[in-house]
Amino acid sequence: MQLAHYLGLLHRAQVNLADAFRQVADAHAEEPDIQHLCQQQAKRCDTYAEQLRPFAARYSEDAPAEPDRLHSQLFTGTRTGGIGLLRDLQDLYLMAAECDIAWTVVGQAAYGARDDELLAVVRRCEGETAIQLKWLRTRMKAAAPQALVVAD
């Protein structure tokens with residue numbers, strides 16, 4: 001069964017996203033909403049990754065390298081200033097989108113395997129990942145005019 005492949009991918013993607021949220025929170029601590037909400041989202045990602053543990057054991061987790069490679073390509077560290085914040089949020093968005101589609105794929109597999117426990121976790125976490133994406137998109141919209149139009 002290849003489900004282990006995607007469970008590993010999703011687990012690592014969530015761990016990497018949590019780490020990136022923490023880095024952005026620390027780098028942009030002068031933005032109170034960014035600092036607080038990024039820390040909050042990091043904790044959620046940690047929770048999602050933890051919820052995958054029993055299923056990883058059940059399906060013999062065989063984690064691929066893709067999420068680490070994605071993390072290193074999209075997020076090599078934080079930037080400074082308004083444009084830096086915008087780019088950091090965009091990187092987080094792309095990483096969250098990777099998690100979102102992985103939740104969808106794992107959900108389809110759980111449905112096919114008739115694993116109701118995994119399906120319940122997927123439904124909960126997939127919905128919360130969609131909320132992360134909406135928040136990131138909204139925050140990028142708020143940051144864009146200041147970063148791209150207003151002179152320093």
# chains A, B, ... in the order shown; residues from 1 in each chain; ligands from 1
$ residues_around --residues "range 133-147 of chain A" --least-positions-apart "3" --cutoff "6 Å" --atoms "only C-alpha atoms" --output "count of residues only"
5
$ closest_residue --among "A:Arg53, A:Tyr48, A:Ala20, A:Gln90" --to "Arg124 in chain A" --atoms "only C-alpha atoms"
A:Tyr48
$ residues_around --residues "His36 in chain A" --least-positions-apart "6" --cutoff "10 Å" --atoms "only C-alpha atoms" --output "list in words"
Arg22, Ala25, Asp26 and Ala29 of chain A
$ atom_distance --atom1 "CA of Asp91 in chain A" --atom2 "CA of Leu52 in chain A"
23.6 Å
$ closest_residue --among "A:Gln40, A:Ile34, A:Ala96, A:Gln132" --to "Phe75 in chain A" --atoms "only C-alpha atoms"
A:Ala96
$ select_by_dssp --residues "chain A" --states "alpha helix (DSSP H)" --output "PyMOL selection string"
chain A and resi 3-27+32-58+66-74+81-113+116-148
$ residues_around --residues "range 107-111 of chain A" --least-positions-apart "2" --cutoff "10 Å" --atoms "only C-alpha atoms" --output "list in words"
Met1, Gln2, Leu3, Tyr6, Ile101, Ala102, Trp103, Thr104, Val105, Ala113, Arg114, Asp115, Asp116, Glu117, Leu118, Leu119, Ala120, Val121, Val122, Arg123 and Glu126 of chain A
